[in-house]
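> Submitted below is the structure of interest, expressed as structure tokens.
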Amino acid sequence: MSETVDQARRALIESPADLLVDRVAAVLAGSYGVTGTELFQVDYRLSALLPLHDGEPVTSPGHPAWRCFDHQAPIVAEQVGYLPVSMRGERRGVLRVTPVPDDPAALAGLAEIATALAHELAAVSAGTDVYRTARRSRRLTLAAEMQWEMLPGRSRTRPAFRLAGQLEPAYAVRGDSFDWADDGDRLWLSTINGSGEGIEAAMLTTLATHALRNARRAGLSLADQAALADQAVYDVHRGSQHLAALLMQLELRTGVLTVVDAGSPRLVLLRDGEVTEQPLEEQFPLGMFEATDYREQHLELRRGDRLFVVSDGVIDATGQNLRYGETALDRFLRRTGRMEPLDAVRSLIGDLRAFVAGDLVDDAVVVCLDWTGPQP
């Protein structure tokens, strides 16, 4: 069995970027008698699993493919196997194989191959548009294309934390965004509540995001990261454009959270089933004034704490002349306690779409962070 897994891995490594699924299919046909192999990728809205080659999109929540995606475990239904295509917590989609061997060891091997496929998809994505194109059910706006290309991923998992985020409206998002990185000792997370319209908003967020990355990679403190990004935006726009941001740094061994609130989105803590908005020292948005000094705050997380960052596009979402508001948000967040972060984010966005009866009009960003305990 391990020989087949190794053979599939070699085939993936040696495959041209656009033929990953085809080369895996050839290995599965020869080793397991699989006659049908298809990759279904989750779309930008987290609402459909879209086939790479042939077949209909999967949108029904009860479908075995969605159960596989949601539970991150192999599902077998009527001799069809569905396998999670995920790596390091990043859920890319589901691999469907037909017929699936009636052998637990074979199913375990297929699951390993699906994970290897996820790693190769991540490795080749910068050099081909095949998989990006297949992930969209309609054309992205240019601003949305810019925003999605900047993201570090949509979910991430380590022993000390679980993390997920989503932008809405997914195919037309403008200025809202998020970014994260970790080095094994610390996790950095920034969330931007953008301003402006269209490409101008995307360009403003792009400038701020890259300025923050540049400062972070230079080893600057969180306050200095904010100051550098603030100056970069001010130098270009001289105060005529600015944007709100929340910067956070989590010490993975202690749970100490350092925060800089630059006119930020809302930070909400879910602890022991209770939802509380975290009081932050609101400081000037990035780029509003020249040479702003930023101050850091420190919060101490407990094992099992969950943090949500939500932009004003969530709270201000309007349906039938009613505003979604803080009360509805808090009520919904309480119900997410047992969900994985990506499921919690997807559920909240789904609730918002139901509330407004369609796509959101204004930009919205939702990020969910679980601190699961000290990093070993």
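Naming works like this for the structure tokens: A, B, ... for the chains as they're shown, residue 1 at the start of each chain, ligands 1 onward in shown order.
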Find the residues around Arg138 in chain A up to 10 Å (only C-alpha atoms counted), leave out those fewer than 6 positions away in its own chain, and share them as a list in words.
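My list of contacting residues is Asp43, Tyr44 and Tyr171 of chain A.
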> Which residues are close to Leu307 in chain A, i.e. within 7 Å by only C-alpha atoms, leaving aside same-chain residues fewer than 5 positions away? Reply as a list in words.
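Contacts, in chain order: Leu267, Val268, Leu269, Leu270, Cys368, Leu369 and Asp370 of chain A.
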> For range 230-234 of chain A, list every protein, DNA or RNA residue within 10 Å, evaluated using only C-alpha atoms, and leave out those in the same chain fewer than 2 positions away; present the list as an MDAnalysis selection string.
chainID A and resid 204:205 207:208 210:212 224:228 236:243 262 284:294
> Go ahead and compute the interatomic distance for CA of Arg91 in chain A and CA of Arg154 in chain A, in Å to one decimal.
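Pair CA of Arg91 in chain A / CA of Arg154 in chain A returns 7.9 Å.
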> At a cut-off of 8 Å, using only C-alpha atoms, what residues contact Ala364 in chain A? Leave out same-chain residues fewer than 4 positions from it and give the result as a count of residues only.
12
> Once you count only C-alpha atoms, what closest atom pair and distance in Å to one decimal does each residue of range 152-226 of chain A within 9 Å of range 338-342 of chain A have, with rows by chain and rising residue number, as JSON lines?

{"residue": "A:Arg154", "atom": "CA", "partner": "A:Leu342", "partner_atom": "CA", "distance": 7.8}
{"residue": "A:Ser155", "atom": "CA", "partner": "A:Leu342", "partner_atom": "CA", "distance": 6.5}
{"residue": "A:Arg162", "atom": "CA", "partner": "A:Pro341", "partner_atom": "CA", "distance": 6.7}
{"residue": "A:Leu163", "atom": "CA", "partner": "A:Pro341", "partner_atom": "CA", "distance": 5.9}
{"residue": "A:Ala164", "atom": "CA", "partner": "A:Leu342", "partner_atom": "CA", "distance": 5.0}
{"residue": "A:Gly165", "atom": "CA", "partner": "A:Leu342", "partner_atom": "CA", "distance": 6.9}
{"residue": "A:Gln166", "atom": "CA", "partner": "A:Leu342", "partner_atom": "CA", "distance": 8.4}
> Write out, as a PDB file, in the first residue's frame, the residues just selected, with N, CA, C and O atoms.

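Printed below is selection-v3.pdb as written:
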ATOM      1  N   ARG A 154      -6.961  30.611   3.425  1.00  0.00           N
ATOM      2  CA  ARG A 154      -8.242  30.873   4.048  1.00  0.00           C
ATOM      3  C   ARG A 154      -8.367  30.170   5.395  1.00  0.00           C
ATOM      4  O   ARG A 154      -9.272  30.475   6.164  1.00  0.00           O
ATOM      5  N   SER A 155      -7.463  29.246   5.668  1.00  0.00           N
ATOM      6  CA  SER A 155      -7.466  28.594   6.984  1.00  0.00           C
ATOM      7  C   SER A 155      -6.071  28.049   7.262  1.00  0.00           C
ATOM      8  O   SER A 155      -5.301  27.782   6.339  1.00  0.00           O
ATOM      9  N   ARG A 162      -5.872  27.561  15.703  1.00  0.00           N
ATOM     10  CA  ARG A 162      -6.621  27.295  14.469  1.00  0.00           C
ATOM     11  C   ARG A 162      -7.154  28.640  13.993  1.00  0.00           C
ATOM     12  O   ARG A 162      -7.589  29.455  14.798  1.00  0.00           O
ATOM     13  N   LEU A 163      -7.162  28.841  12.673  1.00  0.00           N
ATOM     14  CA  LEU A 163      -7.396  30.174  12.139  1.00  0.00           C
ATOM     15  C   LEU A 163      -8.115  30.062  10.799  1.00  0.00           C
ATOM     16  O   LEU A 163      -7.838  29.159  10.010  1.00  0.00           O
ATOM     17  N   ALA A 164      -9.057  30.985  10.556  1.00  0.00           N
ATOM     18  CA  ALA A 164      -9.741  31.017   9.269  1.00  0.00           C
ATOM     19  C   ALA A 164     -10.260  32.419   9.008  1.00  0.00           C
ATOM     20  O   ALA A 164     -10.522  33.187   9.947  1.00  0.00           O
ATOM     21  N   GLY A 165     -10.419  32.751   7.736  1.00  0.00           N
ATOM     22  CA  GLY A 165     -10.957  34.057   7.364  1.00  0.00           C
ATOM     23  C   GLY A 165     -11.687  33.991   6.043  1.00  0.00           C
ATOM     24  O   GLY A 165     -11.500  33.068   5.246  1.00  0.00           O
ATOM     25  N   GLN A 166     -12.535  34.991   5.803  1.00  0.00           N
ATOM     26  CA  GLN A 166     -13.309  35.048   4.565  1.00  0.00           C
ATOM     27  C   GLN A 166     -13.604  36.495   4.208  1.00  0.00           C
ATOM     28  O   GLN A 166     -13.808  37.343   5.094  1.00  0.00           O
TER      29      GLN A 166
END
> As a list in words, please: every residue in range 34-71 of chain A that a backbone DSSP assignment puts in helix (DSSP H, G or I).
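Here is the list: Pro64, Ala65, Trp66, Arg67, Cys68, Phe69, Asp70 and His71 of chain A.
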> Next, dump the selected residues to file, keeping only N, CA and C atoms, as an mmCIF file, in the first residue's frame.

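Below is the file that was written, part-v3.cif:
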data_model
loop_
_atom_site.group_PDB
_atom_site.id
_atom_site.type_symbol
_atom_site.label_atom_id
_atom_site.label_comp_id
_atom_site.auth_asym_id
_atom_site.auth_seq_id
_atom_site.Cartn_x
_atom_site.Cartn_y
_atom_site.Cartn_z
ATOM 1 N N PRO A 64 -22.518 13.922 0.052
ATOM 2 C CA PRO A 64 -21.333 13.303 0.643
ATOM 3 C C PRO A 64 -20.055 14.120 0.453
ATOM 4 N N ALA A 65 -19.944 14.823 -0.671
ATOM 5 C CA ALA A 65 -18.754 15.649 -0.894
ATOM 6 C C ALA A 65 -18.658 16.761 0.144
ATOM 7 N N TRP A 66 -19.802 17.381 0.468
ATOM 8 C CA TRP A 66 -19.788 18.440 1.481
ATOM 9 C C TRP A 66 -19.544 17.862 2.871
ATOM 10 N N ARG A 67 -20.075 16.676 3.130
ATOM 11 C CA ARG A 67 -19.812 16.059 4.432
ATOM 12 C C ARG A 67 -18.328 15.753 4.591
ATOM 13 N N CYS A 68 -17.703 15.319 3.513
ATOM 14 C CA CYS A 68 -16.253 15.101 3.530
ATOM 15 C C CYS A 68 -15.517 16.405 3.785
ATOM 16 N N PHE A 69 -15.921 17.472 3.092
ATOM 17 C CA PHE A 69 -15.273 18.773 3.256
ATOM 18 C C PHE A 69 -15.463 19.306 4.673
ATOM 19 N N ASP A 70 -16.669 19.171 5.195
ATOM 20 C CA ASP A 70 -16.975 19.720 6.518
ATOM 21 C C ASP A 70 -16.286 18.946 7.635
ATOM 22 N N HIS A 71 -16.312 17.623 7.559
ATOM 23 C CA HIS A 71 -15.777 16.796 8.648
ATOM 24 C C HIS A 71 -14.302 16.444 8.457
#
> If I take CA of Ser60 in chain A and CA of Thr336 in chain A, how far is one from the other in Å, to one decimal?
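A separation of 20.8 Å between them.
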> Work out how far apart CA of Arg306 in chain A and CA of Gly337 in chain A are and give it in Å to one decimal.
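If I compute the distance from CA of Arg306 in chain A to CA of Gly337 in chain A, I get 8.0 Å.
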> Determine which residues of range 202-265 of chain A DSSP labels as strand (DSSP E or B) from the backbone of this structure, then write them out as an MDAnalysis selection string.
chainID A and resid 243:251 256:262
> Take the residues from that selection and put them in a file with N, CA and C atoms, as a tab-separated table (two decimals), in the first residue's frame.

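Output file part.tsv follows:
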chain	number	residue	atom	x	y	z
A	243	LEU	N	-7.10	53.99	6.05
A	243	LEU	CA	-7.86	52.78	6.27
A	243	LEU	C	-7.67	52.26	7.68
A	244	ALA	N	-8.71	51.62	8.18
A	244	ALA	CA	-8.69	51.09	9.55
A	244	ALA	C	-8.06	49.70	9.55
A	245	ALA	N	-7.33	49.39	10.61
A	245	ALA	CA	-6.67	48.09	10.71
A	245	ALA	C	-6.58	47.66	12.16
A	246	LEU	N	-6.60	46.36	12.35
A	246	LEU	CA	-6.34	45.77	13.66
A	246	LEU	C	-5.16	44.83	13.51
A	247	LEU	N	-4.11	45.09	14.29
A	247	LEU	CA	-2.90	44.27	14.24
A	247	LEU	C	-2.79	43.48	15.53
A	248	MET	N	-2.48	42.19	15.40
A	248	MET	CA	-2.36	41.34	16.58
A	248	MET	C	-1.12	40.45	16.47
A	249	GLN	N	-0.53	40.18	17.61
A	249	GLN	CA	0.60	39.26	17.70
A	249	GLN	C	0.36	38.34	18.89
A	250	LEU	N	0.29	37.04	18.62
A	250	LEU	CA	0.00	36.05	19.66
A	250	LEU	C	1.26	35.25	19.98
A	251	GLU	N	1.66	35.27	21.26
A	251	GLU	CA	2.77	34.43	21.72
A	251	GLU	C	2.24	33.01	21.92
A	256	VAL	N	-0.27	35.25	25.34
A	256	VAL	CA	-0.31	36.71	25.47
A	256	VAL	C	-0.53	37.32	24.08
A	257	LEU	N	-1.55	38.14	23.98
A	257	LEU	CA	-1.93	38.77	22.72
A	257	LEU	C	-1.60	40.25	22.78
A	258	THR	N	-0.76	40.70	21.86
A	258	THR	CA	-0.45	42.12	21.72
A	258	THR	C	-1.31	42.69	20.59
A	259	VAL	N	-1.90	43.86	20.84
A	259	VAL	CA	-2.86	44.43	19.91
A	259	VAL	C	-2.54	45.90	19.65
A	260	VAL	N	-2.67	46.30	18.40
A	260	VAL	CA	-2.67	47.72	18.03
A	260	VAL	C	-3.95	47.98	17.25
A	261	ASP	N	-4.77	48.87	17.78
A	261	ASP	CA	-6.05	49.21	17.18
A	261	ASP	C	-5.90	50.53	16.43
A	262	ALA	N	-5.86	50.44	15.10
A	262	ALA	CA	-5.76	51.64	14.27
A	262	ALA	C	-7.13	51.89	13.63
> In terms of the shortest atom-to-atom distance over only C-alpha atoms, which of A:Leu107, A:Ala143, A:Leu46, A:Ala317 is closest to Met203 in chain A?
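The closest residue to Met203 in chain A is A:Ala143.
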> Residues near Thr209 in chain A, anyone? I mean within 9 Å using only C-alpha atoms, not counting same-chain ones fewer than 3 positions away, as JSON, numbers by chain.
{"A": [150, 177, 178, 179, 190, 192, 204, 205, 206, 212, 213, 214, 229]}
> Once you have the residues from the selection above, write them out as a tab-separated table (two decimals), in the first residue's frame, restricted to N, CA and C atoms.

chain	number	residue	atom	x	y	z
A	150	MET	N	-3.63	38.43	-2.65
A	150	MET	CA	-2.80	38.84	-1.51
A	150	MET	C	-2.93	37.92	-0.31
A	177	SER	N	-9.66	43.11	3.96
A	177	SER	CA	-8.69	42.04	3.74
A	177	SER	C	-8.15	41.55	5.07
A	178	PHE	N	-7.38	40.47	5.04
A	178	PHE	CA	-6.68	39.98	6.22
A	178	PHE	C	-5.35	39.38	5.78
A	179	ASP	N	-4.45	39.24	6.73
A	179	ASP	CA	-3.14	38.65	6.45
A	179	ASP	C	-2.65	37.97	7.72
A	190	SER	N	-3.26	40.47	10.83
A	190	SER	CA	-3.76	41.83	10.58
A	190	SER	C	-5.07	41.73	9.81
A	192	ILE	N	-7.88	44.29	7.85
A	192	ILE	CA	-8.06	45.65	7.32
A	192	ILE	C	-9.51	45.88	6.94
A	204	LEU	N	-5.17	50.67	-2.24
A	204	LEU	CA	-4.87	51.20	-0.92
A	204	LEU	C	-4.59	50.06	0.07
A	205	THR	N	-5.43	49.03	0.03
A	205	THR	CA	-5.24	47.88	0.92
A	205	THR	C	-3.96	47.13	0.57
A	206	THR	N	-3.66	47.03	-0.72
A	206	THR	CA	-2.43	46.36	-1.15
A	206	THR	C	-1.21	47.08	-0.61
A	212	LEU	N	2.94	46.47	5.92
A	212	LEU	CA	2.91	45.70	7.17
A	212	LEU	C	3.79	44.46	7.07
A	213	ARG	N	3.76	43.78	5.94
A	213	ARG	CA	4.61	42.61	5.75
A	213	ARG	C	6.09	43.00	5.79
A	214	ASN	N	6.41	44.08	5.13
A	214	ASN	CA	7.80	44.54	5.10
A	214	ASN	C	8.30	44.84	6.51
A	229	ALA	N	3.52	51.27	8.25
A	229	ALA	CA	2.43	51.21	7.29
A	229	ALA	C	1.69	52.54	7.22
> Give me, as a list in words, all polymer residues having an atom no more than 10 Å from Gly358 in chain A, counting only C-alpha atoms and skipping those fewer than 4 positions away in the same chain.
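Result of the neighbour search: Pro169, Gly319, Gly350, Leu352, Arg353 and Ala354 of chain A.
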